[in-house]
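Text of the file work-v3.cif, holding mmCIF, C-alpha atoms:
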```
data_structure
#
loop_
_atom_site.label_atom_id
_atom_site.label_comp_id
_atom_site.auth_asym_id
_atom_site.auth_seq_id
_atom_site.Cartn_x
_atom_site.Cartn_y
_atom_site.Cartn_z
CA MET A 1 -92.33 -70.91 53.59
CA SER A 2 -91.55 -71.41 57.28
CA ASP A 3 -91.75 -68.62 59.82
CA PRO A 4 -88.70 -66.33 59.89
CA VAL A 5 -86.15 -66.73 62.68
CA ILE A 6 -85.75 -62.94 62.83
CA ARG A 7 -88.56 -60.46 62.27
CA VAL A 8 -87.79 -56.73 62.60
CA SER A 9 -90.76 -54.33 62.51
CA ASN A 10 -90.51 -50.52 62.39
CA LEU A 11 -87.30 -50.56 64.42
CA ALA A 12 -85.78 -47.27 65.57
CA LYS A 13 -83.02 -46.26 67.95
CA GLN A 14 -82.49 -42.72 69.24
CA TYR A 15 -79.43 -41.35 71.00
CA VAL A 16 -79.24 -37.98 72.75
CA LEU A 17 -76.45 -35.70 71.59
CA GLY A 18 -74.70 -33.26 73.85
CA ASN A 19 -73.18 -33.23 77.29
CA ARG A 20 -75.32 -35.89 78.92
CA ALA A 21 -73.47 -39.21 78.96
CA THR A 22 -75.50 -42.14 77.67
CA THR A 23 -74.69 -45.83 77.85
CA ASP A 24 -76.59 -49.02 77.29
CA GLY A 25 -75.22 -51.00 80.24
CA LEU A 26 -77.54 -52.94 82.52
CA ARG A 27 -76.99 -50.51 85.42
CA HIS A 28 -78.02 -47.55 83.25
CA VAL A 29 -81.03 -49.40 81.84
CA ILE A 30 -82.26 -50.06 85.39
CA GLN A 31 -81.50 -46.49 86.43
CA ASN A 32 -83.33 -45.06 83.43
CA PHE A 33 -86.33 -47.29 84.13
CA ALA A 34 -86.47 -46.18 87.79
CA THR A 35 -86.24 -42.47 86.96
CA ALA A 36 -88.51 -42.56 83.91
CA PRO A 37 -91.68 -41.35 85.74
CA LEU A 38 -89.89 -38.30 87.11
CA ARG A 39 -88.44 -37.45 83.69
CA TRP A 40 -91.89 -37.88 82.13
CA LEU A 41 -93.44 -35.40 84.59
CA LYS A 42 -90.75 -32.83 83.90
CA ASN A 43 -90.79 -33.31 80.14
CA PRO A 44 -93.63 -35.37 78.62
CA PRO A 45 -92.56 -37.69 75.78
CA ALA A 46 -95.02 -36.13 73.36
CA VAL A 47 -92.96 -32.97 73.27
CA ARG A 48 -89.55 -34.10 74.51
CA GLN A 49 -87.05 -34.02 71.64
CA SER A 50 -83.86 -33.70 73.65
CA GLU A 51 -82.53 -33.73 77.14
CA PRO A 52 -82.51 -30.34 78.90
CA GLY A 53 -79.25 -28.51 78.50
CA ASP A 54 -77.76 -30.65 75.76
CA GLY A 55 -78.32 -27.97 73.11
CA LYS A 56 -78.10 -30.38 70.21
CA GLY A 57 -81.20 -32.57 70.27
CA ALA A 58 -81.62 -36.21 69.35
CA PHE A 59 -79.93 -38.41 66.77
CA TRP A 60 -81.72 -41.34 65.17
CA ALA A 61 -79.15 -44.09 64.58
CA LEU A 62 -81.95 -46.25 63.11
CA LYS A 63 -85.37 -45.26 61.82
CA ASP A 64 -88.31 -47.30 60.43
CA VAL A 65 -86.31 -50.47 59.73
CA SER A 66 -88.28 -53.60 58.81
CA PHE A 67 -87.10 -56.92 57.38
CA GLU A 68 -87.23 -60.68 57.94
CA VAL A 69 -84.56 -63.38 57.94
CA GLN A 70 -85.27 -67.03 57.20
CA GLN A 71 -83.52 -69.97 58.84
CA GLY A 72 -80.27 -70.86 57.06
CA GLU A 73 -79.86 -67.48 55.37
CA VAL A 74 -76.51 -65.70 55.25
CA LEU A 75 -77.49 -62.04 55.36
CA GLY A 76 -74.96 -59.34 54.52
CA ILE A 77 -75.39 -55.87 56.03
CA ILE A 78 -73.46 -53.10 54.27
CA GLY A 79 -73.31 -49.32 54.29
CA ARG A 80 -70.99 -46.46 55.03
CA ASN A 81 -69.64 -45.74 58.52
CA GLY A 82 -72.41 -44.34 60.72
CA ALA A 83 -75.19 -45.90 58.65
CA GLY A 84 -76.60 -47.81 61.65
CA LYS A 85 -75.25 -51.30 60.99
CA SER A 86 -73.57 -51.88 64.35
CA THR A 87 -76.51 -50.35 66.22
CA LEU A 88 -78.79 -52.87 64.53
CA LEU A 89 -76.59 -55.78 65.56
CA LYS A 90 -76.46 -54.55 69.18
CA ILE A 91 -80.24 -54.53 69.28
CA LEU A 92 -80.50 -57.99 67.71
CA SER A 93 -77.92 -59.24 70.23
CA ARG A 94 -79.94 -57.72 73.11
CA ILE A 95 -77.04 -55.50 74.13
CA THR A 96 -79.13 -52.37 73.76
CA GLU A 97 -82.87 -51.72 73.60
CA PRO A 98 -84.71 -50.11 70.69
CA THR A 99 -86.45 -46.78 71.11
CA GLU A 100 -89.32 -47.84 68.87
CA GLY A 101 -90.42 -50.96 67.02
CA ARG A 102 -90.24 -54.65 67.69
CA VAL A 103 -87.74 -57.50 67.20
CA GLU A 104 -88.74 -61.17 67.31
CA ILE A 105 -85.95 -63.77 67.39
CA THR A 106 -86.34 -67.54 67.44
CA GLY A 107 -83.30 -69.46 68.67
CA ARG A 108 -80.01 -68.92 70.46
CA VAL A 109 -77.89 -65.96 69.31
CA ALA A 110 -74.08 -65.78 69.45
CA SER A 111 -72.56 -62.36 68.75
CA LEU A 112 -69.07 -61.25 67.81
CA LEU A 113 -69.32 -57.47 67.72
CA GLU A 114 -66.15 -55.97 69.18
CA VAL A 115 -62.73 -57.24 70.20
CA GLY A 116 -63.11 -58.74 73.67
CA THR A 117 -66.91 -58.61 73.80
CA GLY A 118 -68.12 -61.10 76.42
CA PHE A 119 -64.62 -61.77 77.78
CA HIS A 120 -63.54 -61.00 81.32
CA PRO A 121 -59.98 -59.58 81.10
CA GLU A 122 -58.85 -61.10 84.40
CA LEU A 123 -59.93 -64.64 83.45
CA THR A 124 -57.80 -66.99 81.38
CA GLY A 125 -58.63 -68.10 77.87
CA ARG A 126 -59.79 -71.46 79.22
CA GLU A 127 -62.09 -69.82 81.78
CA ASN A 128 -63.51 -67.43 79.18
CA VAL A 129 -64.42 -70.31 76.87
CA PHE A 130 -66.61 -71.77 79.63
CA LEU A 131 -67.93 -68.31 80.56
CA ASN A 132 -68.98 -67.57 76.96
CA GLY A 133 -70.53 -70.98 76.63
CA ALA A 134 -72.56 -70.42 79.78
CA ILE A 135 -73.72 -67.02 78.47
CA LEU A 136 -74.92 -68.80 75.32
CA GLY A 137 -76.89 -71.21 77.47
CA MET A 138 -74.59 -74.22 77.02
CA GLY A 139 -74.08 -76.81 79.74
CA ARG A 140 -70.58 -77.57 81.03
CA GLY A 141 -70.60 -81.04 79.47
CA GLU A 142 -71.64 -79.61 76.12
CA ILE A 143 -68.81 -77.07 76.23
CA LYS A 144 -66.26 -79.76 77.15
CA LYS A 145 -67.19 -81.75 74.02
CA LYS A 146 -66.32 -78.75 71.85
CA PHE A 147 -63.40 -77.45 73.92
CA ASP A 148 -60.50 -79.10 72.06
CA GLU A 149 -61.99 -78.13 68.71
CA ILE A 150 -62.34 -74.50 69.84
CA VAL A 151 -58.75 -74.29 71.08
CA ALA A 152 -57.36 -75.89 67.91
CA PHE A 153 -59.28 -73.47 65.71
CA ALA A 154 -58.19 -70.41 67.72
CA GLU A 155 -54.52 -71.53 67.77
CA VAL A 156 -53.99 -70.22 71.32
CA GLU A 157 -52.91 -73.46 73.03
CA LYS A 158 -49.76 -71.91 74.54
CA PHE A 159 -51.74 -69.03 76.06
CA LEU A 160 -54.82 -70.94 77.18
CA ASP A 161 -54.09 -70.43 80.88
CA THR A 162 -52.99 -66.79 80.49
CA PRO A 163 -55.40 -63.96 81.42
CA VAL A 164 -56.91 -62.62 78.20
CA LYS A 165 -55.97 -59.06 79.16
CA ARG A 166 -52.49 -60.04 77.96
CA TYR A 167 -53.81 -61.23 74.57
CA SER A 168 -53.24 -59.27 71.39
CA SER A 169 -56.34 -58.09 69.48
CA GLY A 170 -55.77 -60.89 66.98
CA MET A 171 -55.71 -63.54 69.72
CA TYR A 172 -58.88 -62.06 71.23
CA VAL A 173 -60.67 -62.32 67.90
CA ARG A 174 -59.49 -65.85 67.15
CA LEU A 175 -60.70 -67.18 70.49
CA ALA A 176 -63.95 -65.20 70.45
CA PHE A 177 -64.85 -66.35 66.94
CA ALA A 178 -63.94 -69.95 67.74
CA VAL A 179 -66.27 -69.93 70.76
CA ALA A 180 -69.13 -68.24 68.88
CA ALA A 181 -68.92 -70.53 65.85
CA HIS A 182 -68.31 -73.88 67.56
CA LEU A 183 -70.92 -73.74 70.32
CA GLU A 184 -73.63 -74.21 67.68
CA PRO A 185 -75.80 -71.10 67.99
CA ASP A 186 -78.96 -70.92 65.93
CA ILE A 187 -78.02 -67.39 64.81
CA LEU A 188 -74.43 -66.13 64.46
CA VAL A 189 -74.00 -62.34 64.39
CA VAL A 190 -70.61 -61.09 63.18
CA ASP A 191 -69.54 -57.44 62.91
CA GLU A 192 -66.51 -56.06 61.05
CA VAL A 193 -64.32 -57.41 63.87
CA LEU A 194 -62.91 -60.14 61.59
CA ALA A 195 -60.90 -57.44 59.81
CA VAL A 196 -58.57 -57.51 62.84
CA GLY A 197 -57.30 -60.98 61.94
CA ASP A 198 -54.68 -61.81 59.33
CA ALA A 199 -55.58 -63.01 55.83
CA GLN A 200 -55.12 -66.70 56.67
CA PHE A 201 -57.38 -66.47 59.71
CA GLN A 202 -60.03 -64.51 57.78
CA LYS A 203 -60.09 -67.27 55.17
CA LYS A 204 -60.43 -69.84 57.95
CA CYS A 205 -63.36 -67.92 59.44
CA MET A 206 -65.13 -67.66 56.08
CA GLU A 207 -64.81 -71.40 55.57
CA LYS A 208 -66.18 -72.03 59.06
CA MET A 209 -69.14 -69.69 58.51
CA ASP A 210 -69.85 -71.50 55.25
CA GLN A 211 -69.93 -74.79 57.18
CA VAL A 212 -72.21 -73.27 59.81
CA ALA A 213 -74.60 -72.02 57.11
CA LYS A 214 -74.73 -75.45 55.45
CA LEU A 215 -75.88 -76.90 58.77
CA GLY A 216 -78.97 -74.68 58.55
CA ARG A 217 -77.79 -71.98 60.93
CA THR A 218 -78.46 -68.31 60.23
CA ILE A 219 -75.63 -65.78 59.87
CA LEU A 220 -75.77 -61.98 59.94
CA LEU A 221 -72.55 -60.45 58.63
CA VAL A 222 -71.60 -56.77 58.71
CA THR A 223 -68.60 -56.12 56.47
CA HIS A 224 -66.90 -53.49 54.34
CA GLN A 225 -65.26 -56.29 52.35
CA LEU A 226 -67.87 -56.34 49.61
CA GLY A 227 -66.25 -59.24 47.79
CA VAL A 228 -66.84 -61.34 50.91
CA ALA A 229 -70.48 -60.21 51.04
CA ALA A 230 -71.03 -61.11 47.39
CA LYS A 231 -69.42 -64.52 47.78
CA MET A 232 -70.96 -65.61 51.07
CA CYS A 233 -74.37 -63.98 51.34
CA ASN A 234 -77.71 -65.05 49.92
CA ARG A 235 -79.07 -61.53 50.38
CA CYS A 236 -77.82 -58.10 51.42
CA LEU A 237 -79.30 -55.09 53.23
CA LEU A 238 -78.01 -51.60 52.41
CA PHE A 239 -78.22 -49.00 55.17
CA ASN A 240 -77.95 -45.26 54.63
CA LYS A 241 -78.21 -42.71 57.46
CA GLY A 242 -80.04 -45.13 59.72
CA ARG A 243 -82.59 -46.28 57.16
CA LEU A 244 -82.84 -49.49 55.15
CA SER A 245 -82.47 -48.23 51.59
CA MET A 246 -82.29 -51.55 49.71
CA ASN A 247 -82.97 -55.23 50.35
CA GLY A 248 -82.06 -57.70 47.62
CA ALA A 249 -79.49 -59.80 45.78
CA PRO A 250 -75.86 -59.07 46.79
CA SER A 251 -74.74 -57.92 43.32
CA ALA A 252 -77.63 -55.45 42.97
CA VAL A 253 -77.21 -54.07 46.50
CA ILE A 254 -73.43 -53.66 46.13
CA ASN A 255 -73.90 -51.83 42.85
CA GLU A 256 -76.40 -49.51 44.52
CA TYR A 257 -73.94 -48.91 47.37
CA TYR A 258 -71.29 -47.71 44.93
CA ALA A 259 -73.80 -45.66 42.93
CA SER A 260 -75.05 -43.83 46.03
CA SER A 261 -71.76 -43.38 47.88
CA GLU A 262 -70.52 -40.50 45.78
CA ALA A 263 -72.53 -37.51 44.53
CA HIS A 264 -70.51 -37.19 41.31
CA PRO A 265 -69.35 -40.66 40.31
CA ASN A 266 -67.78 -39.40 37.07
CA GLU A 267 -65.26 -37.09 38.66
CA SER A 268 -62.73 -37.30 41.47
CA GLU A 269 -62.16 -33.66 42.43
CA SER A 270 -59.56 -32.73 45.01
CA ARG A 271 -60.67 -30.10 47.50
CA GLN A 272 -57.20 -29.58 48.93
CA GLN A 273 -55.29 -26.85 47.17
CA GLN A 274 -51.97 -28.40 48.22
CA SER A 275 -52.69 -31.77 46.55
CA ILE A 276 -51.07 -32.84 43.29
CA LEU A 277 -54.14 -34.36 41.62
CA LYS A 278 -56.87 -31.83 40.80
CA SER A 279 -59.31 -34.15 39.07
CA ALA A 280 -59.82 -37.37 37.12
CA LYS A 281 -62.70 -37.61 34.64
CA THR A 282 -63.93 -40.33 32.29
CA LEU A 283 -64.66 -39.00 28.78
CA ASP A 284 -66.01 -40.24 25.49
CA LEU A 285 -64.04 -39.94 22.25
CA THR A 286 -65.31 -36.38 21.69
CA GLY A 287 -63.93 -35.26 25.06
CA CYS A 288 -67.32 -34.93 26.78
CA PRO A 289 -67.62 -36.14 30.41
CA LYS A 290 -69.41 -39.47 30.59
CA ASN A 291 -69.70 -42.33 33.07
CA THR A 292 -71.69 -44.97 31.16
CA PHE A 293 -70.08 -46.66 28.16
CA ARG A 294 -71.07 -49.39 25.76
CA HIS A 295 -68.77 -52.39 25.78
CA ASP A 296 -67.69 -51.49 22.22
CA GLU A 297 -66.69 -47.91 23.15
CA ALA A 298 -63.21 -46.74 24.11
CA ILE A 299 -62.90 -45.02 27.49
CA ASN A 300 -60.60 -42.06 28.08
CA VAL A 301 -59.57 -40.85 31.51
CA ARG A 302 -58.35 -37.24 31.73
CA PHE A 303 -56.07 -36.33 34.61
CA SER A 304 -55.42 -32.77 35.77
CA LEU A 305 -52.34 -32.22 37.94
CA ARG A 306 -50.89 -29.16 39.65
CA SER A 307 -47.60 -28.61 37.82
CA SER A 308 -45.99 -26.75 40.71
CA LYS A 309 -46.37 -29.81 42.97
CA LEU A 310 -44.53 -32.24 40.68
CA GLN A 311 -41.10 -33.56 41.63
CA PRO A 312 -38.54 -35.58 39.62
CA GLY A 313 -39.11 -39.33 39.87
CA MET A 314 -42.86 -39.18 40.57
CA PHE A 315 -45.21 -41.72 38.96
CA LEU A 316 -48.99 -41.88 38.60
CA GLY A 317 -50.21 -45.44 39.08
CA ILE A 318 -53.68 -46.48 37.98
CA SER A 319 -55.59 -49.67 38.73
CA VAL A 320 -59.02 -50.49 37.37
CA LYS A 321 -61.20 -52.28 39.95
CA ASP A 322 -64.59 -53.88 39.55
CA TYR A 323 -67.57 -53.33 41.86
CA LEU A 324 -66.20 -55.92 44.30
CA GLU A 325 -62.89 -54.01 44.34
CA ARG A 326 -61.08 -56.83 42.55
CA ARG A 327 -58.14 -55.41 40.61
CA VAL A 328 -58.61 -55.95 36.86
CA PHE A 329 -55.32 -54.47 35.64
CA SER A 330 -52.76 -51.80 36.54
CA ASP A 331 -50.44 -49.40 34.73
CA GLN A 332 -48.39 -46.32 35.52
CA VAL A 333 -46.71 -43.34 33.88
CA CYS A 334 -43.73 -41.23 34.87
CA LEU A 335 -44.66 -37.64 35.74
CA GLU A 336 -41.88 -35.54 34.22
CA PRO A 337 -42.01 -31.93 35.53
CA GLN A 338 -40.43 -30.57 32.36
CA SER A 339 -43.34 -31.95 30.32
CA ALA A 340 -45.85 -29.79 32.19
CA SER A 341 -46.81 -26.39 30.83
CA GLY A 342 -48.70 -23.78 32.83
CA GLU A 343 -50.22 -24.24 36.26
CA THR A 344 -52.23 -27.31 35.27
CA TRP A 345 -50.95 -30.32 33.36
CA GLU A 346 -53.55 -32.49 31.63
CA PHE A 347 -53.10 -35.87 29.95
CA THR A 348 -55.25 -38.91 29.20
CA PHE A 349 -55.19 -42.65 29.69
CA ALA A 350 -57.14 -44.78 27.18
CA ILE A 351 -58.90 -48.11 27.77
CA PRO A 352 -59.61 -49.78 24.40
CA LYS A 353 -63.05 -50.90 23.31
CA LEU A 354 -64.08 -54.55 23.57
CA PHE A 355 -61.85 -55.00 26.61
CA LEU A 356 -63.88 -54.52 29.80
CA ALA A 357 -66.91 -56.75 30.28
CA PRO A 358 -70.22 -55.10 31.27
CA GLY A 359 -70.20 -54.04 34.92
CA SER A 360 -69.36 -51.24 37.37
CA TYR A 361 -65.78 -50.06 37.78
CA GLY A 362 -63.61 -47.47 39.45
CA PHE A 363 -59.98 -46.39 39.60
CA LEU A 364 -57.39 -46.71 42.34
CA LEU A 365 -55.02 -43.78 41.75
CA VAL A 366 -51.62 -43.52 43.42
CA ILE A 367 -49.05 -40.75 43.01
CA HIS A 368 -45.77 -42.10 44.33
CA THR A 369 -42.00 -42.09 44.13
CA PRO A 370 -41.19 -45.79 43.65
CA ARG A 371 -39.72 -47.50 46.75
CA LEU A 372 -39.55 -44.19 48.60
CA ARG A 373 -42.91 -42.58 49.25
CA VAL A 374 -46.61 -42.60 48.45
CA HIS A 375 -47.64 -38.95 48.03
CA GLU A 376 -51.37 -39.33 47.38
CA ILE A 377 -53.83 -42.20 47.04
CA TYR A 378 -57.47 -42.16 45.86
CA GLU A 379 -59.67 -45.25 46.32
CA MET A 380 -62.38 -46.05 43.73
CA ALA A 381 -62.07 -42.64 42.11
CA SER A 382 -63.98 -41.71 38.94
CA ARG A 383 -66.49 -44.54 38.94
CA PHE A 384 -67.98 -45.61 35.62
CA LYS A 385 -70.16 -48.32 34.13
CA VAL A 386 -69.81 -50.51 31.06
CA VAL A 387 -73.08 -51.77 29.56
CA ASP A 388 -73.63 -54.48 26.99
CA GLY A 389 -74.23 -53.05 23.55
CA GLY A 390 -75.31 -56.30 21.94
CA SER A 391 -72.44 -58.76 22.46
CA SER A 392 -72.75 -62.53 22.62
CA LEU A 393 -72.63 -62.21 26.44
CA ALA A 394 -75.96 -60.35 26.53
CA GLU A 395 -77.86 -63.59 27.20
CA PHE A 396 -76.04 -63.81 30.53
CA GLU A 397 -77.36 -60.43 31.67
CA GLY A 398 -77.53 -60.13 35.44
CA THR A 399 -74.78 -62.66 36.18
CA ASP A 400 -71.14 -62.11 37.03
CA TYR A 401 -69.14 -63.30 34.02
CA GLY A 402 -65.86 -61.63 34.85
CA CYS A 403 -64.22 -58.31 34.05
CA VAL A 404 -62.35 -58.81 30.78
CA GLN A 405 -63.81 -59.93 27.47
CA SER A 406 -61.82 -62.69 25.80
CA PRO A 407 -60.08 -61.76 22.52
CA GLY A 408 -59.66 -65.46 21.70
CA VAL A 409 -60.80 -67.13 18.48
CA TRP A 410 -62.97 -70.23 18.58
CA ASN A 411 -61.78 -73.15 16.48
CA VAL A 412 -64.44 -75.84 16.59
CA ALA A 413 -63.45 -79.11 14.95
CA SER A 414 -66.00 -80.65 12.64
#
```

Starting from the coordinates I provided, produce the structure as structure tokens.
Amino acid sequence: MSDPVIRVSNLAKQYVLGNRATTDGLRHVIQNFATAPLRWLKNPPAVRQSEPGDGKGAFWALKDVSFEVQQGEVLGIIGRNGAGKSTLLKILSRITEPTEGRVEITGRVASLLEVGTGFHPELTGRENVFLNGAILGMGRGEIKKKFDEIVAFAEVEKFLDTPVKRYSSGMYVRLAFAVAAHLEPDILVVDEVLAVGDAQFQKKCMEKMDQVAKLGRTILLVTHQLGVAAKMCNRCLLFNKGRLSMNGAPSAVINEYYASSEAHPNESESRQQQSILKSAKTLDLTGCPKNTFRHDEAINVRFSLRSSKLQPGMFLGISVKDYLERRVFSDQVCLEPQSASGETWEFTFAIPKLFLAPGSYGFLLVIHTPRLRVHEIYEMASRFKVVDGGSSLAEFEGTDYGCVQSPGVWNVAS
């Protein structure tokens, strides 16, 4: 195996919490370097845990992170907000410096981290294309060869000579991505910024990144769109509270993300007394709470609602989603106030056996008045798992073979 193009060893990044303003700009880096000896004399690093007067101490955005990336890999980086993903990309893009550890990168890096990153607002789109190319180390002739292709991809021909400060966020992203992807970097780093674009542009970007990867370039992709991560990436990293908690195949890492993102995956419990939905639990046929079912078991979902909050015309909509948040099926029921008795109204929804294929699932729950108002919505509530109990699909264990088991009958001609 060839040497990795990215090697991260024991990486850590610390930020100081409190009143003292901190930034990672070049001016502040130089200022911090110049004043470091004086700060060291006042407060030696062996004992310094926080800046004087901040009262809150230090926060480790990253801690003890180590991994390698090979040339041509498409690496997905996932995790909840605040897990350290964007901090990692800023370090890899040389925007900020690590507090501890080491990063080795081979090749030219192009980064798309935030809307407008690397653009000068007073310059036109045309001027910013050449500016970004120069930042990436491209010669003017090299940029000119790609210029028409960049403009066509970004679809900003009419606004090419307009200062980018007048661009919408979508126009910013289209032009920034077009520059980053077409100027042939060795490593392309993309944060969640693509979520700003519309669905058609996102699809266009995914196709372009797929082309870039096939040319042997390396891509690092931070995304909350887990279906995109599963489809595009060769491997995924899962971050949790600044630490790398899992490194492996996309399907396994995404499953772990869902398993660890909620303390009680079997129950969606509302903490707000004014809400309509109190809880949603998956149960076995005896009524006992359960979140792992054989494929040949029926699954019951018990809903508890606050009767006093119900209004005429309300419906409870339910959608079953798989671990990539693809919708498997949907249904709904009318919530009739006169049917409720007492303070709490309970009823169940049944999913028949031999219907869902083995995999991880969750519910999207919506309480709404059709065409008028959405009262409450719960994403991926009451997560549960279906395991193979000995079906003919068992030989495909570990692969994605869909969400629904076929009820069809084979008729093989002799």

note = Between atom CA of A:Lys321 and atom CA of A:Leu305 lies a distance of 22.0 Å

task = With a distance cut-off of 12 Å and only C-alpha atoms, select the neighbouring residues of stretch 242-244 of chain A, excluding the residue or stretch itself and same-chain residues fewer than 6 positions from it, and output the selection as a PyMOL selection string.
result = chain A and resi 8-15+59-67+77-88+236+253+257

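Closest approach to A:Val222 from the set A:Arg108, A:Lys165, A:Arg371, A:Lys90 is made by A:Lys90, with distances taken over all atoms listed in the file.
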
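For the pair atom CA of A:Pro312 and atom CA of A:Val374, the separation is 13.9 Å.
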
Surrounding residues of A:Glu127 excluding itself and chain neighbours under 2 positions, 12 Å, only C-alpha atoms, as an MDAnalysis selection string = chainID A and resid 118:125 129:134 140 143:144 147 159:164 175 179

query = Applied to the shown file, which residues does the PyMOL selection byres ((chain A and resi 356) around 12) return, written as a ChimeraX atom specification?
reply = /A:293-299,320-322,328-329,351-355,357-362,384-388,401-407

task = Give me the result of the PyMOL selection byres ((chain A and resi 366) around 6) on this file, residue by residue, as a VMD selection string.
result = chain A and resid 316 to 317 365 367 376 to 377

query = Looking at A:Glu104, A:Glu157, A:Glu184, A:Glu379, which one is nearest to A:Phe363, with distances taken over all atoms listed in the file?
reply = A:Glu379

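For the pair atom CA of A:Met209 and atom CA of A:Ile91, the separation is 21.7 Å.
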
Residues in the PyMOL selection byres ((chain A and resi 3) around 10), expressed as a PyMOL selection string = chain A and resi 1-2+4-7+68-71+106

Please identify all polymer residues within 10 Å of A:Leu188, counting only C-alpha atoms, omitting same-chain residues fewer than 5 positions from it, and present them as a PDB file with C-alpha atoms, in the frame of the given file.
```pdb
ATOM      1  CA  VAL A  74     -76.510 -65.700  55.250  1.00  0.00           C
ATOM      2  CA  SER A  93     -77.920 -59.240  70.230  1.00  0.00           C
ATOM      3  CA  ARG A 108     -80.010 -68.920  70.460  1.00  0.00           C
ATOM      4  CA  VAL A 109     -77.890 -65.960  69.310  1.00  0.00           C
ATOM      5  CA  ALA A 110     -74.080 -65.780  69.450  1.00  0.00           C
ATOM      6  CA  SER A 111     -72.560 -62.360  68.750  1.00  0.00           C
ATOM      7  CA  LEU A 112     -69.070 -61.250  67.810  1.00  0.00           C
ATOM      8  CA  PHE A 177     -64.850 -66.350  66.940  1.00  0.00           C
ATOM      9  CA  ALA A 180     -69.130 -68.240  68.880  1.00  0.00           C
ATOM     10  CA  ALA A 181     -68.920 -70.530  65.850  1.00  0.00           C
ATOM     11  CA  MET A 209     -69.140 -69.690  58.510  1.00  0.00           C
ATOM     12  CA  VAL A 212     -72.210 -73.270  59.810  1.00  0.00           C
ATOM     13  CA  ALA A 213     -74.600 -72.020  57.110  1.00  0.00           C
ATOM     14  CA  ARG A 217     -77.790 -71.980  60.930  1.00  0.00           C
ATOM     15  CA  THR A 218     -78.460 -68.310  60.230  1.00  0.00           C
ATOM     16  CA  ILE A 219     -75.630 -65.780  59.870  1.00  0.00           C
ATOM     17  CA  LEU A 220     -75.770 -61.980  59.940  1.00  0.00           C
ATOM     18  CA  LEU A 221     -72.550 -60.450  58.630  1.00  0.00           C
TER      19      LEU A 221
END
```

message = Residues within 12 Å of A:Leu372, please, as a PyMOL selection string. Count only C-alpha atoms; anything in the same chain fewer than 3 positions from it doesn't count.
response = chain A and resi 313-315+367-369+375
